[in-house]
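*Asks:* Can you keep this structure in mind? I'll have questions shortly.
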Amino acid sequence: MKHIWKFVSAWPWETLLVVLLLLTIVLGNALSPYFLTPFNFSLMVEDFVEKALMALPMTFIIIAGEIDLSVASVLGLASVLVGVTWHAGMPLWLVIGIALVVGVAAGLLNGALVTRLGLPSLVVTLGTLALFRGLAFVILGDQAVSDFPGAFTNFGIGDVPGTLIPWSFVLFVLLALLFMVTLHWSWIGRQIYATGLNKEAARFAGIGVRRLKLLLFILSGLIAALAGIIFTARISSARADNAIGFELDVITVVLLGGVNIFGGRGTLVGVILSLFVIGALRNALGLADVSGDVQNIVVGTLLVLSVLGPNIVQRIQVVLSRRRLAAESSKQA
Amino acid sequence: MAKPPEPTIELVGIAKQFGAVQALRGVDLNLYPGEVHALVGENGAGKSTLVKILAGIYRPDAGSIKIDGQVVELHNPAQARNAGIAVIHQEPTLFPDLNVAENVYMGRHPRDRFGRVDWKHMYQEGERLFASLDVKLNVYTPVQGLSVADQQLVEIAKALSLQSRVLIMDEPTAALSAHEVQELFTIAKQLRERGVAILFVSHRLEEIFELAERVTVFRDGSRVATAPISELTTEQIIHQMVGRELETLYPKTDVEPGEVILDVRHLTRSGVFEDVSFQVRQGEILGFAGLVGAGRTEVARVIFGIDRADAGEIRIGGKPVQIHSPEAAMHYRISYVPEDRRQHGLIMDFSIAKNMTLPVLLRQTSQLGLVNRRREREVAQDYSAQLQVRSAGIDQLVKALSGGNQQKVVLAKWLITNPSVLILDEPTRGIDVGSKAEVHRIISELARKGLAIILISSELPEVLAMADRVLVMHEGRVAAEFTHADVDQEKVMFAATGQVTNGNHQ
Amino acid sequence: MATTSEHVRGTTYPPRRSGSRLVGLVSRVRELGLLVVLALILIIVGVQVPQFFTISNLVQILLSVSILAIVAVGETLVVLTRNVDLSVGSIVGFAAFVAADLFKQHPGTNLLLGILLGCALGLALGTINGLLVAAGRVPAIVATLGTLYVYRGLDFLYARGNQVSASDVPESFLSLATTPFLGIPALIWFAAIIALIFAFYLRSTRTGREFYAIGSNPDAARLVGIRSGLLIFAAFALSGLLSGFAGVLWGARFATVDATAASGLELQVIAAVVVGGVNIFGGSGTIFGAMLGAIVLGTIDNSLSFLKVSQFWLQAIDGAAILIAVTIDAFITRWLQRLLIIRRQR
């Protein structure tokens with residue numbers, strides 16, 4: 001029992017997430033008998049993998065003190081390019097290559113505007129959210145490309161032979177491990193935390209803050225494009241309105257995972273736990289026939305609560321400690 | 001003799017605690033109308049806390065405040081303002097996007113008979129206000145473009161328009177040129193004529209002697225002395241501030257300087273400083289003196305790669321180099337201990353170990369991209385011991401340390417990079433006297449080991465005692481250069497205030 | 001006293017002190033610049049396609065931006081205080097459906113009641129935003145990003161997949177937008193009057209000026225005794241109220257309303273506000289500027305169909321407009337700082 005208490009007080013936020021996950025599982029089981037089946041787990045993971053992937057660089061960006069609202073639009077743009085280049089007859093490797101390059105270019109635009117011109121990332125990525133999505137519509141209009149080869153779509157929905165583990169999940173696990181090691185054990189991770197806590201002091205300590213942030217934005221664009229390729233493969237359709245609104249889940253997952261919106265604090269463990277919470281939640285609600293837009297009510301509320309909750313707790317703590325101090329001093333008097 | 005006037009404001013037994021730190025212990029203070037009362041004390045003595053209590057930002061834990069004999073409660077800045085107290089903080093608290101007139105009248109805009117804001121009237125009143133202070137300031141200009149001195153004048157005008165009876169000036173001259181300081185004093189004297197009680201908080205004793213009638217000294221949160229300025233000498237005041245003799249403060253050992261390591265030639269940054277040239281040798285301490293705003297920190301920032309120069313050359317070990325970033329500066333083994341340790345020197349929420357090893361993550365404490373935690377701890381323990389950093393261990397967050405120990409962590413951080421040129425910007429500002437002496441000992445030791453050191457300091461005694469040579473800057477130019485032998489406070493002051501046209505240039 | 005004032009007025013201000021006359025000038029130039037851009041677009045497109053430059057088309061442009069303009073007034077209030085409201089599109093859409101649906105279900109309802117319902121809904125949703133930001137200390141991006149999706153989700157729940165079309169609602173509702181007064185459609189009047197009221201409020205009342213203070217320097221605002229929390233709350237509440245009203249007008253104008261109405265409107269609104277010179281950091285900008293921004297973007301939008309350019313370019317143009325406007329402002333600020341420092345050193 002004492003061990004559990006030790007764990008809880010050392011990792012309060014992660015404990016809360018575990019509790020939330022358990023609650024979600026209970027809810028899911030209550031909503032549908034299919035929830036706790038391996039097949040459903042496989043589906044749940046597959047459904048959420050693009051958001052999960054994008055949450056990884058988003059974690060780095062928010063810890064570094066910035067934000068990227070354009071990820072879903074980059075995904076959409078990449079998806080459209082996959083469709084258009086494939087439709088034009090290009091070989092699959094070139095199609096994928098072009099999409100990834102576009103992701104890098106998108107990240108480069110975001111990063112350059114933020115680091116070279118010093119513009120706030122909120123406004124820049126709001127603008128590029130519109131710009132990239134707009135370009136996707138300009139390129140493909142309201143049409144769709146869906147004649148993709150089996151090899152391609154199989155990667156999107158296929159499992160490792162003999163198991164129910166989706167290939168895309170394997171990719172996610174590998175990347176997640178890489179990101180985890182980078183953030184918590186490498187010098188890059190240390191620099192990211194320093195930048196988020198005090199970017200001036202980080203600069204004075206010889207950290208190339210601008211270069212670091214530029215690289216983070218490029219990484220975000222690259223992964224968003226990768227997510228776009230996987231998404232297109234999975235639903236076997238390239239459309240300009242693919243993944244509209246995904247940024248809600250990505251940002252919610254990161255903030256709910258304990259990463260502080262102002263930067264400098266948070267862990268990837270928390271983010272991964274929170275990924276499962278939101279993924280399971282959406283899956284459970286979906287099984288109960290709740291539409292995506294209505295599911296957003298829950299996710300949006302969680303986003304707000306992830307910041308409001310700690311604020312309220314802090315306020316209560318201050319009030320309680322003030323009362324305690326007053327009681328003590330009146331006892332002494 | 002006429003009966004002495006009643007004090008405008010009476011503070012009795014004011015106490016304030018922050019966690020474990022007792023910032024003020026039962027302080028009494030009276031301010032009389034038409035007097036300038038100086039408040040001096042080292043950093044941490046409690047001056048800022050008192051100012052913030054009077055401004056309504058903090059509430060005292062104990063004690064009372066009386067204005068004109070009536071007890072008042074100052075629960076927030078608005079109440080303090082209504083009670084007739086105006087405060088000019090160290091950082092001007094103005095609205096940059098709004099013009100001067102509106103800054104003065106924000107929240108109290110004059111209104112016409114329909115209840116609308118009467119802009120014309122406001123501008124007229126504003127002009128009248130500045131005219132009465134004999135100040136030429138355009139009330140239409142946005143505050144954004146004004147110099148710090150002008151911004152303070154706006155603050156004073158604000159206080160005047162509020163009919164404030166008490167004006168508190170918290171280190172107002174820190175960022176002003178000599179000329180601007182005189183203008184400020186003229187206005188302060190005018191306000192004094194009008195019966196305003198002025199509390200003048202400052203570190204600069206020469207200014208206090210010029211302006212104030214009485215002086216109060218704070219030390220460690222207590223009031224240790226109050227007396228008319230005519231009855232005290234500088235030494236006596238310092239003695240009260242410090243509480244001990246000063247002889248052992250500057251343990252400078254003599255060193256034979258070696259090769260020229262840093263050679264700066266005609267360095268210029270438009271609008272900031274111009275044609276700055278000097279050399280520093282191994283084992284030498286070059287003092288940079290001058291008033292705030294003279295450009296010393298700006299020169300250091302260019303040498304360290306934070307800012308870019310527009311003209312001129314920097315040579316390290318004889319070779320011209322381009323320094324475009326702190327990384328590049330570190331490559332040439334230049335290290336810079338910044339002026340503001342909280343904002344630029346340390347990451348408050350990082351531990352001692354993490355702060356110390358931040359610049360050398362790649363060079364010393366990482367292998368294959370991963371941070372070697374054991375090596376990191378070794379290095380941190382080593383330097384923590386060498387510099388005698390008092391803490392609860394190298395994992396303690398630096399924000400929990402005292403100012404002096406924080407400064408030692410910053411020093412250690414830069415010593416770990418094994419520099420050949422070390423630039424120290426106000427290294428002993430805001431730290432207790434004991435730590436000051438230790439820092440000076442460390443600096444002397446470093447010079448003995450052959451480092452070339454640039455010591456930027458606004459404390460003349462420190463510069464005079466520690467430096468082998470002293471460079472004085474004034475408004476962006478090198479005004480004079482002195483050797484240790486022929487320098488004295490007056491010569492430096494003259495040069496720093498721009499009164500020497502042909503100093504000892506090389 | 002009079003002589004002293006005259007003396008002061010007659011004195012030449014040395015450049016050292018008044019070097020920042022430039023700063024005031026630049027904000028005027030900003031609005032002038034927009035007028036120039038507007039004129040250029042009108043002329044360039046008008047020369048190629050004469051139908052573009054007719055009175056009826058110009059009225060069409062104003063009509064098309066009127067709803068956007070009303071929402072932009074509320075957004076301006078929020079942005080001035082150094083915040084942002086991303087949920088406006090969802091509030092407009094929700095109010096549009098609720099109002100239109102009301103008239104569909106109960107055709108005899110008094111028009112005013114419908115309008116009040118939309119406004120009340122908008123006010124309630126705006127109030128929630130205000131509480132989250134001002135009382136809950138949740139950063140505005142997070143709060144309104146969340147409510148953007150929550151409110152839209154509630155809209156979907158309420159709509160249950162239904163749609164309201166023109167034939168479902170009474171003529172009186174539909175004509176709310178188009179009824180002409182003195183030859184100009186009512187909708188344009190609504191927008192103009194609202195813009196004038198709030199422009200007056202921001203320029204000529206003490207509390208209106210305090211909005212600028214809060215955005216310009218939040219700490220100083222507190223020190224001067226401004227009740228920032230209350231005003232920020234009010235800004236969000238008003239933004240919601242105006243969005244609610246705009247939603248009712250949306251329902252009246254577009255007639256076919258479902259739960260997706262006004263999706264993405266927030267981006268257009270922010271584009272209009274930013275292009276119009278309202279500083280995204282708060283503290284400066286005018287309703288007039290925001291209106292100009294809306295008109296410029298609306299003109300570009302309108303010209304697209306005349307130039308035979310696909311409507312799909314719209315979103316991309318809004319995004320590009322935000323980026324360009326903010327970039328230009330950054331350059332101007334940088335250039336100004338440099339200039340002022342150099343002037344001061346003289």
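Simple scheme: letters A, B, ... for chains in structure tokens order, numbers from 1 for residues in each chain, numbers from 1 for ligands in the order shown.
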Restrict the distance test to only C-alpha atoms, flag each residue of chain B within 6 Å of chain C, and return the flagged residues as an NGL selection string.
*Replies:* :B and (77-78 or 93 or 95 or 97 or 116-117 or 128 or 141 or 145 or 271)
*Asks:* Based on only C-alpha atoms, which of the residues in chain A come within 6 Å of chain B? I want them as a ChimeraX atom specification.
*Replies:* /A:185-187,200-201,205-206
*Asks:* Please produce an output containing C-alpha atoms for each residue in the selection, written as an mmCIF file, in the first residue's frame.
*Replies:*
data_model
loop_
_atom_site.group_PDB
_atom_site.id
_atom_site.type_symbol
_atom_site.label_atom_id
_atom_site.label_comp_id
_atom_site.auth_asym_id
_atom_site.auth_seq_id
_atom_site.Cartn_x
_atom_site.Cartn_y
_atom_site.Cartn_z
ATOM 1 C CA TRP A 185 18.024 11.153 -21.893
ATOM 2 C CA SER A 186 19.702 13.140 -24.631
ATOM 3 C CA TRP A 187 21.271 16.576 -24.640
ATOM 4 C CA GLU A 200 16.999 33.950 -22.885
ATOM 5 C CA ALA A 201 19.075 32.071 -20.352
ATOM 6 C CA ALA A 205 24.251 29.321 -22.284
ATOM 7 C CA GLY A 206 25.167 28.743 -25.893
#
*Asks:* Provide as a VMD selection string the residues of chain C at most 9 Å from chain A, counting only C-alpha atoms.
*Replies:* chain C and resid 132 136 to 139 141 to 157 264 267 271 280 310 to 323 326 to 327 330 to 331
*Asks:* What's the separation between CA of Asp382 in chain B and CA of Ala412 in chain B, in Å to one decimal place?
*Replies:* 9.7 Å
*Asks:* Between B:Ala467, B:Leu133, B:Met122, B:Gly450, which is the closest to Glu259 in chain B once you count only C-alpha atoms?
*Replies:* B:Gly450
*Asks:* Between A:Val80, A:Val173, A:Ala55, A:Ile25, single out the one closest to Asp241 in chain A, counting only C-alpha atoms.
*Replies:*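 Of A:Val80, A:Val173, A:Ala55, A:Ile25, the one nearest Asp241 in chain A is A:Val80, counting only C-alpha atoms.
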*Asks:* Contacts of Gly34 in chain B at 9 Å or less, counting only C-alpha atoms, minus same-chain residues fewer than 5 places along, as a compact mmCIF listing (two decimals) with N, CA and C atoms, in the first residue's frame?
*Replies:*
# COMPACT_ATOMS: atom_id res chain seq x y z
N LYS B 189 13.05 68.67 -6.67
CA LYS B 189 13.12 69.84 -5.80
C LYS B 189 11.87 70.70 -5.93
N LEU B 191 8.89 69.62 -6.65
CA LEU B 191 7.82 68.94 -5.94
C LEU B 191 7.97 69.15 -4.44
N ARG B 192 9.21 69.17 -4.01
CA ARG B 192 9.48 69.41 -2.59
C ARG B 192 8.93 70.77 -2.19
N GLU B 193 9.13 71.78 -3.05
CA GLU B 193 8.60 73.12 -2.78
C GLU B 193 7.09 73.07 -2.59
N ARG B 194 6.45 72.16 -3.33
CA ARG B 194 4.99 72.10 -3.26
C ARG B 194 4.49 71.32 -2.04
N GLY B 195 5.45 70.85 -1.22
CA GLY B 195 5.00 70.18 -0.01
C GLY B 195 4.83 68.68 -0.13
N VAL B 196 5.31 68.12 -1.22
CA VAL B 196 5.22 66.67 -1.38
C VAL B 196 6.30 66.03 -0.53
N ALA B 197 5.97 64.92 0.12
CA ALA B 197 6.97 64.16 0.88
C ALA B 197 7.57 63.15 -0.07
N ILE B 198 8.89 63.17 -0.21
CA ILE B 198 9.53 62.30 -1.19
C ILE B 198 10.41 61.27 -0.51
